>>> print(open('data35.pdb').read())   # PDB, C-alpha atoms
ATOM      1  CA  ASP A 865       0.000   0.000   0.000  1.00  0.00           C
ATOM      2  CA  VAL A 866       1.546   3.262  -1.191  1.00  0.00           C
ATOM      3  CA  SER A 867      -0.020   5.228   1.663  1.00  0.00           C
ATOM      4  CA  SER A 868       2.541   3.626   3.978  1.00  0.00           C
ATOM      5  CA  LEU A 869       5.094   5.905   2.267  1.00  0.00           C
ATOM      6  CA  TYR A 870       3.079   9.041   3.102  1.00  0.00           C
ATOM      7  CA  HIS A 871       3.627  11.465   5.957  1.00  0.00           C
ATOM      8  CA  GLU A 872       1.599  10.730   9.074  1.00  0.00           C
ATOM      9  CA  HIS A 873       0.236  14.287   9.297  1.00  0.00           C
ATOM     10  CA  GLY A 874      -0.444  17.108   6.895  1.00  0.00           C
ATOM     11  CA  PHE A 875      -2.892  18.361   4.314  1.00  0.00           C
ATOM     12  CA  CYS A 876      -1.716  16.348   1.298  1.00  0.00           C
ATOM     13  CA  GLN A 877      -1.749  12.945   2.955  1.00  0.00           C
ATOM     14  CA  ALA A 878      -5.144  13.726   4.533  1.00  0.00           C
ATOM     15  CA  VAL A 879      -6.645  14.511   1.117  1.00  0.00           C
ATOM     16  CA  LEU A 880      -5.162  11.386  -0.446  1.00  0.00           C
ATOM     17  CA  ARG A 881      -6.356   9.143   2.391  1.00  0.00           C
ATOM     18  CA  HIS A 882      -9.877  10.556   2.336  1.00  0.00           C
ATOM     19  CA  ARG A 883     -12.391   7.911   1.281  1.00  0.00           C
ATOM     20  CA  ARG A 884     -13.842  10.063  -1.516  1.00  0.00           C
ATOM     21  CA  PHE A 885     -10.540  10.979  -3.143  1.00  0.00           C
ATOM     22  CA  ASP A 886     -10.150   7.693  -5.048  1.00  0.00           C
ATOM     23  CA  ALA A 887     -13.774   7.790  -6.199  1.00  0.00           C
ATOM     24  CA  VAL A 888     -13.417  11.345  -7.517  1.00  0.00           C
ATOM     25  CA  SER A 889     -10.150  10.478  -9.256  1.00  0.00           C
ATOM     26  CA  GLN A 890     -11.698   7.417 -10.916  1.00  0.00           C
ATOM     27  CA  VAL A 891     -14.613   9.521 -12.180  1.00  0.00           C
ATOM     28  CA  ILE A 892     -12.201  12.128 -13.587  1.00  0.00           C
ATOM     29  CA  ILE A 893     -10.144   9.395 -15.304  1.00  0.00           C
ATOM     30  CA  LEU A 894     -13.315   7.908 -16.825  1.00  0.00           C
ATOM     31  CA  ALA A 895     -14.471  11.364 -17.948  1.00  0.00           C
ATOM     32  CA  ASN A 896     -11.050  11.974 -19.513  1.00  0.00           C
ATOM     33  CA  ALA A 897     -11.225   8.652 -21.374  1.00  0.00           C
ATOM     34  CA  LEU A 898     -14.682   9.516 -22.697  1.00  0.00           C
ATOM     35  CA  TRP A 899     -13.507  13.021 -23.606  1.00  0.00           C
ATOM     36  CA  LEU A 900     -10.549  11.619 -25.547  1.00  0.00           C
ATOM     37  CA  GLY A 901     -13.029   9.631 -27.634  1.00  0.00           C
ATOM     38  CA  VAL A 902     -15.103  12.753 -28.308  1.00  0.00           C
ATOM     39  CA  GLU A 903     -11.989  14.758 -29.086  1.00  0.00           C
ATOM     40  CA  VAL A 904     -10.612  12.208 -31.535  1.00  0.00           C
ATOM     41  CA  ASP A 905     -13.970  12.053 -33.281  1.00  0.00           C
ATOM     42  CA  GLN A 906     -14.816  15.753 -33.406  1.00  0.00           C
ATOM     43  CA  ASN A 907     -11.617  17.768 -33.034  1.00  0.00           C
ATOM     44  CA  HIS A 908      -9.921  17.885 -36.410  1.00  0.00           C
ATOM     45  CA  ALA A 909      -7.312  20.484 -35.462  1.00  0.00           C
ATOM     46  CA  ASP A 910      -3.709  19.486 -35.970  1.00  0.00           C
ATOM     47  CA  MET A 911      -2.778  20.702 -32.488  1.00  0.00           C
ATOM     48  CA  LEU A 912      -4.449  22.040 -29.367  1.00  0.00           C
ATOM     49  CA  LEU A 913      -3.605  25.634 -30.269  1.00  0.00           C
ATOM     50  CA  ASN A 914      -5.751  25.364 -33.386  1.00  0.00           C
ATOM     51  CA  ALA A 915      -8.633  23.496 -31.723  1.00  0.00           C
ATOM     52  CA  PRO A 916     -11.960  25.149 -30.948  1.00  0.00           C
ATOM     53  CA  LEU A 917     -12.046  26.861 -27.564  1.00  0.00           C
ATOM     54  CA  GLU A 918     -14.132  24.173 -25.834  1.00  0.00           C
ATOM     55  CA  PHE A 919     -11.508  21.540 -26.655  1.00  0.00           C
ATOM     56  CA  GLN A 920      -8.739  23.756 -25.311  1.00  0.00           C
ATOM     57  CA  VAL A 921     -10.581  24.599 -22.091  1.00  0.00           C
ATOM     58  CA  ILE A 922     -11.575  21.027 -21.290  1.00  0.00           C
ATOM     59  CA  GLU A 923      -8.110  19.692 -22.100  1.00  0.00           C
ATOM     60  CA  HIS A 924      -6.517  22.285 -19.818  1.00  0.00           C
ATOM     61  CA  LEU A 925      -8.987  21.493 -17.021  1.00  0.00           C
ATOM     62  CA  PHE A 926      -7.998  17.829 -17.169  1.00  0.00           C
ATOM     63  CA  ALA A 927      -4.332  18.797 -17.179  1.00  0.00           C
ATOM     64  CA  VAL A 928      -4.803  21.025 -14.129  1.00  0.00           C
ATOM     65  CA  TYR A 929      -6.624  18.270 -12.231  1.00  0.00           C
ATOM     66  CA  PHE A 930      -4.040  15.590 -13.057  1.00  0.00           C
ATOM     67  CA  PHE A 931      -1.156  17.922 -12.224  1.00  0.00           C
ATOM     68  CA  ALA A 932      -2.784  18.872  -8.889  1.00  0.00           C
ATOM     69  CA  GLU A 933      -3.325  15.197  -8.056  1.00  0.00           C
ATOM     70  CA  TRP A 934       0.286  14.420  -8.922  1.00  0.00           C
ATOM     71  CA  LEU A 935       1.513  17.347  -6.810  1.00  0.00           C
ATOM     72  CA  LEU A 936      -0.590  16.212  -3.838  1.00  0.00           C
ATOM     73  CA  ARG A 937       0.873  12.734  -4.112  1.00  0.00           C
ATOM     74  CA  LEU A 938       4.421  14.071  -4.403  1.00  0.00           C
ATOM     75  CA  CYS A 939       3.986  16.283  -1.341  1.00  0.00           C
ATOM     76  CA  ALA A 940       2.439  13.435   0.657  1.00  0.00           C
ATOM     77  CA  PHE A 941       5.510  11.202   0.337  1.00  0.00           C
ATOM     78  CA  ARG A 942       7.851  11.305   3.316  1.00  0.00           C
ATOM     79  CA  SER A 943      10.730  10.584   0.966  1.00  0.00           C
ATOM     80  CA  LYS A 944      10.254  11.971  -2.522  1.00  0.00           C
ATOM     81  CA  SER A 945      12.793   9.545  -3.995  1.00  0.00           C
ATOM     82  CA  LYS A 946      10.971   6.563  -2.470  1.00  0.00           C
ATOM     83  CA  GLY A 947       7.823   7.859  -4.046  1.00  0.00           C
ATOM     84  CA  LEU A 948       9.311   7.095  -7.444  1.00  0.00           C
ATOM     85  CA  THR A 949       9.634   3.443  -6.409  1.00  0.00           C
ATOM     86  CA  ASP A 950       5.834   3.238  -6.585  1.00  0.00           C
ATOM     87  CA  VAL A 951       5.137   2.062 -10.130  1.00  0.00           C
ATOM     88  CA  TRP A 952       1.809   3.917 -10.380  1.00  0.00           C
ATOM     89  CA  PHE A 953       3.332   7.186  -9.207  1.00  0.00           C
ATOM     90  CA  ALA A 954       6.206   6.810 -11.676  1.00  0.00           C
ATOM     91  CA  LEU A 955       3.732   6.116 -14.496  1.00  0.00           C
ATOM     92  CA  ASP A 956       1.529   9.037 -13.436  1.00  0.00           C
ATOM     93  CA  SER A 957       4.629  11.247 -13.367  1.00  0.00           C
ATOM     94  CA  LEU A 958       5.390  10.355 -16.969  1.00  0.00           C
ATOM     95  CA  LEU A 959       1.783  10.837 -18.087  1.00  0.00           C
ATOM     96  CA  VAL A 960       1.428  14.202 -16.352  1.00  0.00           C
ATOM     97  CA  PHE A 961       4.744  15.325 -17.827  1.00  0.00           C
ATOM     98  CA  LEU A 962       3.564  14.344 -21.322  1.00  0.00           C
ATOM     99  CA  MET A 963       0.202  16.044 -20.792  1.00  0.00           C
ATOM    100  CA  VAL A 964       1.808  19.290 -19.659  1.00  0.00           C
ATOM    101  CA  LEU A 965       4.319  19.032 -22.500  1.00  0.00           C
ATOM    102  CA  ASP A 966       1.534  18.511 -25.018  1.00  0.00           C
ATOM    103  CA  ASN A 967      -0.828  21.153 -23.631  1.00  0.00           C
ATOM    104  CA  LEU A 968       1.558  23.907 -22.717  1.00  0.00           C
ATOM    105  CA  ALA A 969       5.173  23.491 -23.738  1.00  0.00           C
ATOM    106  CA  ILE A 970       4.590  22.525 -27.363  1.00  0.00           C
ATOM    107  CA  SER A 971       2.113  25.363 -27.807  1.00  0.00           C
ATOM    108  CA  LEU A 972       4.585  27.863 -26.375  1.00  0.00           C
ATOM    109  CA  VAL A 973       7.390  26.575 -28.597  1.00  0.00           C
ATOM    110  CA  VAL A 974       5.194  26.714 -31.700  1.00  0.00           C
ATOM    111  CA  VAL A 975       4.059  30.269 -30.926  1.00  0.00           C
ATOM    112  CA  ALA A 976       7.653  31.356 -30.324  1.00  0.00           C
ATOM    113  CA  MET A 977       8.836  29.726 -33.560  1.00  0.00           C
ATOM    114  CA  LEU A 978       6.006  31.302 -35.551  1.00  0.00           C
ATOM    115  CA  ARG A 979       6.717  34.731 -34.121  1.00  0.00           C
ATOM    116  CA  SER A 980      10.406  34.470 -34.927  1.00  0.00           C
ATOM    117  CA  ALA A 981       9.613  33.228 -38.443  1.00  0.00           C
ATOM    118  CA  GLY A 982       6.899  35.832 -38.949  1.00  0.00           C
ATOM    119  CA  ASP A 983       4.510  33.106 -40.112  1.00  0.00           C
ATOM    120  CA  SER A 984       0.909  32.567 -39.018  1.00  0.00           C
ATOM    121  CA  SER A 985       0.613  28.978 -40.291  1.00  0.00           C
ATOM    122  CA  THR A 986       1.116  26.083 -37.906  1.00  0.00           C
ATOM    123  CA  SER A 987       0.700  23.222 -40.362  1.00  0.00           C
ATOM    124  CA  GLU A 988       4.391  22.366 -40.784  1.00  0.00           C
ATOM    125  CA  LEU A 989       5.238  22.770 -37.114  1.00  0.00           C
ATOM    126  CA  ALA A 990       2.174  20.837 -35.987  1.00  0.00           C
ATOM    127  CA  GLU A 991       3.269  17.630 -37.673  1.00  0.00           C
ATOM    128  CA  GLY A 992       5.510  16.894 -34.688  1.00  0.00           C
ATOM    129  CA  SER A 993       2.607  17.261 -32.292  1.00  0.00           C
ATOM    130  CA  VAL A 994       0.786  14.333 -33.904  1.00  0.00           C
ATOM    131  CA  MET A 995       3.138  12.043 -31.998  1.00  0.00           C
ATOM    132  CA  PHE A 996       2.102  13.647 -28.709  1.00  0.00           C
ATOM    133  CA  ARG A 997      -1.595  13.277 -29.537  1.00  0.00           C
ATOM    134  CA  THR A 998      -0.953   9.569 -30.105  1.00  0.00           C
ATOM    135  CA  LEU A 999       0.861   9.334 -26.765  1.00  0.00           C
ATOM    136  CA  ARG A1000      -2.129  10.981 -25.085  1.00  0.00           C
ATOM    137  CA  MET A1001      -4.358   8.198 -26.392  1.00  0.00           C
ATOM    138  CA  MET A1002      -1.952   5.659 -24.856  1.00  0.00           C
ATOM    139  CA  ARG A1003      -2.645   7.148 -21.380  1.00  0.00           C
ATOM    140  CA  LEU A1004      -5.669   4.921 -21.149  1.00  0.00           C
TER     141      LEU A1004
END
>>> encode(input="data35.pdb", output="structure tokens")
Amino acid sequence: DVSSLYHEHGFCQAVLRHRRFDAVSQVIILANALWLGVEVDQNHADMLLNAPLEFQVIEHLFAVYFFAEWLLRLCAFRSKSKGLTDVWFALDSLLVFLMVLDNLAISLVVVAMLRSAGDSSTSELAEGSVMFRTLRMMRL
């Protein structure tokens, strides 16, 4: 049980040990899986930057939730390095990193590259983000 690696006291461990936390997280994961299906079917943009606003907002809301959950778990560990020995936390760390990379970092890099090139088209630069969209589908 990973909770044996948590602090005995404190806000983060209390949230994680609360009986409703797992239920809420499972609902959010299910909602994200369903949303990915909707997004794949209806979002034809080559990258999040070019997607309709509702796709951007919902994707960022999921990213914020998953990052907050990851941060809570990180802070709850007595030893942060031992936290990485938990396979689920290590996997979640990778998935959150990829989600933040896909949602934020790639968009910032593309905007910066377009500004420096003086171009308003993202089609060539967005080809690299297709790989990250595929990785997002593998989260499930």
>>> residues_around(input="data35.pdb", residues="Ser943 (chain A)", least_positions_apart="4", cutoff="10 Å", atoms="all atoms listed in the file", output="PyMOL selection string")
chain A and resi 869-871+938-939+947-948
>>> atom_distance(input="data35.pdb", atom1="CA of His882 (chain A)", atom2="CA of Phe930 (chain A)")
17.2 Å
>>> closest_residue(input="data35.pdb", among="A:Val960, A:Leu936, A:Val975, A:Leu925", to="Ala878 (chain A)", atoms="only C-alpha atoms")
A:Leu936
>>> resolve_selection(input="data35.pdb", expression="the PyMOL selection byres ((chain A and resi 951-954) around 12)", output="list of chain:residue names")
A:Asp865, A:Val866, A:Ser867, A:Leu869, A:Phe930, A:Glu933, A:Trp934, A:Leu935, A:Leu936, A:Arg937, A:Leu938, A:Ala940, A:Phe941, A:Lys944, A:Ser945, A:Lys946, A:Gly947, A:Leu948, A:Thr949, A:Asp950, A:Leu955, A:Asp956, A:Ser957, A:Leu958, A:Leu959, A:Val960, A:Phe961
>>> write_last_selection(input="data35.pdb", atoms="C-alpha atoms", output="PDB file, in the frame of the given file")
ATOM      1  CA  ASP A 865       0.000   0.000   0.000  1.00  0.00           C
ATOM      2  CA  VAL A 866       1.546   3.262  -1.191  1.00  0.00           C
ATOM      3  CA  SER A 867      -0.020   5.228   1.663  1.00  0.00           C
ATOM      4  CA  LEU A 869       5.094   5.905   2.267  1.00  0.00           C
ATOM      5  CA  PHE A 930      -4.040  15.590 -13.057  1.00  0.00           C
ATOM      6  CA  GLU A 933      -3.325  15.197  -8.056  1.00  0.00           C
ATOM      7  CA  TRP A 934       0.286  14.420  -8.922  1.00  0.00           C
ATOM      8  CA  LEU A 935       1.513  17.347  -6.810  1.00  0.00           C
ATOM      9  CA  LEU A 936      -0.590  16.212  -3.838  1.00  0.00           C
ATOM     10  CA  ARG A 937       0.873  12.734  -4.112  1.00  0.00           C
ATOM     11  CA  LEU A 938       4.421  14.071  -4.403  1.00  0.00           C
ATOM     12  CA  ALA A 940       2.439  13.435   0.657  1.00  0.00           C
ATOM     13  CA  PHE A 941       5.510  11.202   0.337  1.00  0.00           C
ATOM     14  CA  LYS A 944      10.254  11.971  -2.522  1.00  0.00           C
ATOM     15  CA  SER A 945      12.793   9.545  -3.995  1.00  0.00           C
ATOM     16  CA  LYS A 946      10.971   6.563  -2.470  1.00  0.00           C
ATOM     17  CA  GLY A 947       7.823   7.859  -4.046  1.00  0.00           C
ATOM     18  CA  LEU A 948       9.311   7.095  -7.444  1.00  0.00           C
ATOM     19  CA  THR A 949       9.634   3.443  -6.409  1.00  0.00           C
ATOM     20  CA  ASP A 950       5.834   3.238  -6.585  1.00  0.00           C
ATOM     21  CA  LEU A 955       3.732   6.116 -14.496  1.00  0.00           C
ATOM     22  CA  ASP A 956       1.529   9.037 -13.436  1.00  0.00           C
ATOM     23  CA  SER A 957       4.629  11.247 -13.367  1.00  0.00           C
ATOM     24  CA  LEU A 958       5.390  10.355 -16.969  1.00  0.00           C
ATOM     25  CA  LEU A 959       1.783  10.837 -18.087  1.00  0.00           C
ATOM     26  CA  VAL A 960       1.428  14.202 -16.352  1.00  0.00           C
ATOM     27  CA  PHE A 961       4.744  15.325 -17.827  1.00  0.00           C
TER      28      PHE A 961
END
>>> atom_distance(input="data35.pdb", atom1="CA of Val964 (chain A)", atom2="CA of Ala927 (chain A)")
6.6 Å
>>> residues_around(input="data35.pdb", residues="Ile892 (chain A)", least_positions_apart="2", cutoff="12 Å", atoms="only C-alpha atoms", output="list in words")
Phe885, Asp886, Ala887, Val888, Ser889, Gln890, Leu894, Ala895, Asn896, Ala897, Leu898, Trp899, Ile922, Leu925, Phe926, Ala927, Val928, Tyr929, Phe930 and Glu933 of chain A
>>> axis_aligned_box(input="data35.pdb", around="region 883-891 of chain A", padding_each_side="8 Å", output="AutoDock Vina command-line options")
--center_x -12.4 --center_y 9.4 --center_z -5.4 --size_x 20.5 --size_y 19.9 --size_z 29.5
